[in-house]
Amino acid sequence: MFAGLLAHLEADVTFNLGRNALRGLKDFKKLGDLSAHNRRFNADRDDIDRVRDDLRVAAEELLHLAKLK
C-alpha cells in the first residue's frame, strides 16, 4: 500500500526526491497509520498543518517528475 509506494520512491534513483519531500511523505504516512490503527488517535487539522509544507514539496516534485507541471 502506501508503505510500498514510499519504499519504491526512496529506493528508485529515477525519482531522487528531496529530503523535505521524503520527510513529508513519511510524516503523512505516520499520521495515516496512527489514525487508522489507534483507537484513541485521530489526526486533526493541527496535525495535518504541521506536515503540510513538506507534503506540498513532495506533491510539487512528483508533479514535476510526471511532467504534469
# chains A, B, ... in the order shown; residues from 1 in each chain; ligands from 1

call {"tool": "residues_around", "arguments": {"residues": "Glu10 in chain A", "least_positions_apart": "5", "cutoff": "12 Å", "atoms": "only C-alpha atoms", "output": "PDB file with N, CA and C atoms, in the first residue's frame"}}
result
ATOM      1  N   ALA A   3       3.034   2.205   2.190  1.00  0.00           N
ATOM      2  CA  ALA A   3       4.396   1.863   2.616  1.00  0.00           C
ATOM      3  C   ALA A   3       5.211   1.342   1.437  1.00  0.00           C
ATOM      4  N   GLY A   4       4.588   0.542   0.588  1.00  0.00           N
ATOM      5  CA  GLY A   4       5.270   0.020  -0.593  1.00  0.00           C
ATOM      6  C   GLY A   4       5.615   1.116  -1.581  1.00  0.00           C
ATOM      7  N   LEU A   5       4.684   2.026  -1.784  1.00  0.00           N
ATOM      8  CA  LEU A   5       4.937   3.161  -2.675  1.00  0.00           C
ATOM      9  C   LEU A   5       6.067   4.025  -2.144  1.00  0.00           C
ATOM     10  N   PHE A  15      13.563   8.690  -9.299  1.00  0.00           N
ATOM     11  CA  PHE A  15      12.765   9.721  -8.649  1.00  0.00           C
ATOM     12  C   PHE A  15      13.644  10.727  -7.919  1.00  0.00           C
ATOM     13  N   ASN A  16      14.579  10.251  -7.136  1.00  0.00           N
ATOM     14  CA  ASN A  16      15.530  11.116  -6.437  1.00  0.00           C
ATOM     15  C   ASN A  16      14.824  12.294  -5.753  1.00  0.00           C
ATOM     16  N   LEU A  17      13.824  11.962  -4.925  1.00  0.00           N
ATOM     17  CA  LEU A  17      13.083  13.007  -4.214  1.00  0.00           C
ATOM     18  C   LEU A  17      13.964  13.670  -3.170  1.00  0.00           C
ATOM     19  N   GLY A  18      13.694  14.913  -2.901  1.00  0.00           N
ATOM     20  CA  GLY A  18      14.454  15.666  -1.916  1.00  0.00           C
ATOM     21  C   GLY A  18      14.144  15.230  -0.495  1.00  0.00           C
ATOM     22  N   ARG A  19      14.986  15.668   0.397  1.00  0.00           N
ATOM     23  CA  ARG A  19      14.852  15.331   1.817  1.00  0.00           C
ATOM     24  C   ARG A  19      13.514  15.777   2.391  1.00  0.00           C
ATOM     25  N   ALA A  21      10.709  16.357   0.790  1.00  0.00           N
ATOM     26  CA  ALA A  21       9.618  15.602   0.180  1.00  0.00           C
ATOM     27  C   ALA A  21       9.465  14.245   0.859  1.00  0.00           C
ATOM     28  N   LEU A  22      10.569  13.549   1.041  1.00  0.00           N
ATOM     29  CA  LEU A  22      10.510  12.245   1.703  1.00  0.00           C
ATOM     30  C   LEU A  22      10.026  12.378   3.141  1.00  0.00           C
ATOM     31  N   ARG A  23      10.495  13.390   3.825  1.00  0.00           N
ATOM     32  CA  ARG A  23      10.061  13.599   5.210  1.00  0.00           C
ATOM     33  C   ARG A  23       8.555  13.860   5.258  1.00  0.00           C
ATOM     34  N   LEU A  25       6.245  12.861   3.117  1.00  0.00           N
ATOM     35  CA  LEU A  25       5.518  11.626   2.837  1.00  0.00           C
ATOM     36  C   LEU A  25       5.556  10.678   4.034  1.00  0.00           C
ATOM     37  N   LYS A  26       6.704  10.578   4.689  1.00  0.00           N
ATOM     38  CA  LYS A  26       6.817   9.706   5.863  1.00  0.00           C
ATOM     39  C   LYS A  26       5.950  10.213   7.015  1.00  0.00           C
TER      40      LYS A  26
END

call {"tool": "atom_distance", "arguments": {"atom1": "CA of Leu9 in chain A", "atom2": "CA of Asp49 in chain A"}}
result
23.2 Å

call {"tool": "residues_around", "arguments": {"residues": "range 39-43 of chain A", "least_positions_apart": "6", "cutoff": "12 Å", "atoms": "only C-alpha atoms", "output": "list in words"}}
result
Asp27, Phe28, Lys29, Lys30, Leu31, Gly32, Asp33, Asp49, Arg50 and Val51 of chain A

call {"tool": "select_by_dssp", "arguments": {"residues": "range 14-46 of chain A", "states": "helix (DSSP H, G or I)", "output": "PyMOL selection string"}}
result
chain A and resi 19-37+45-46
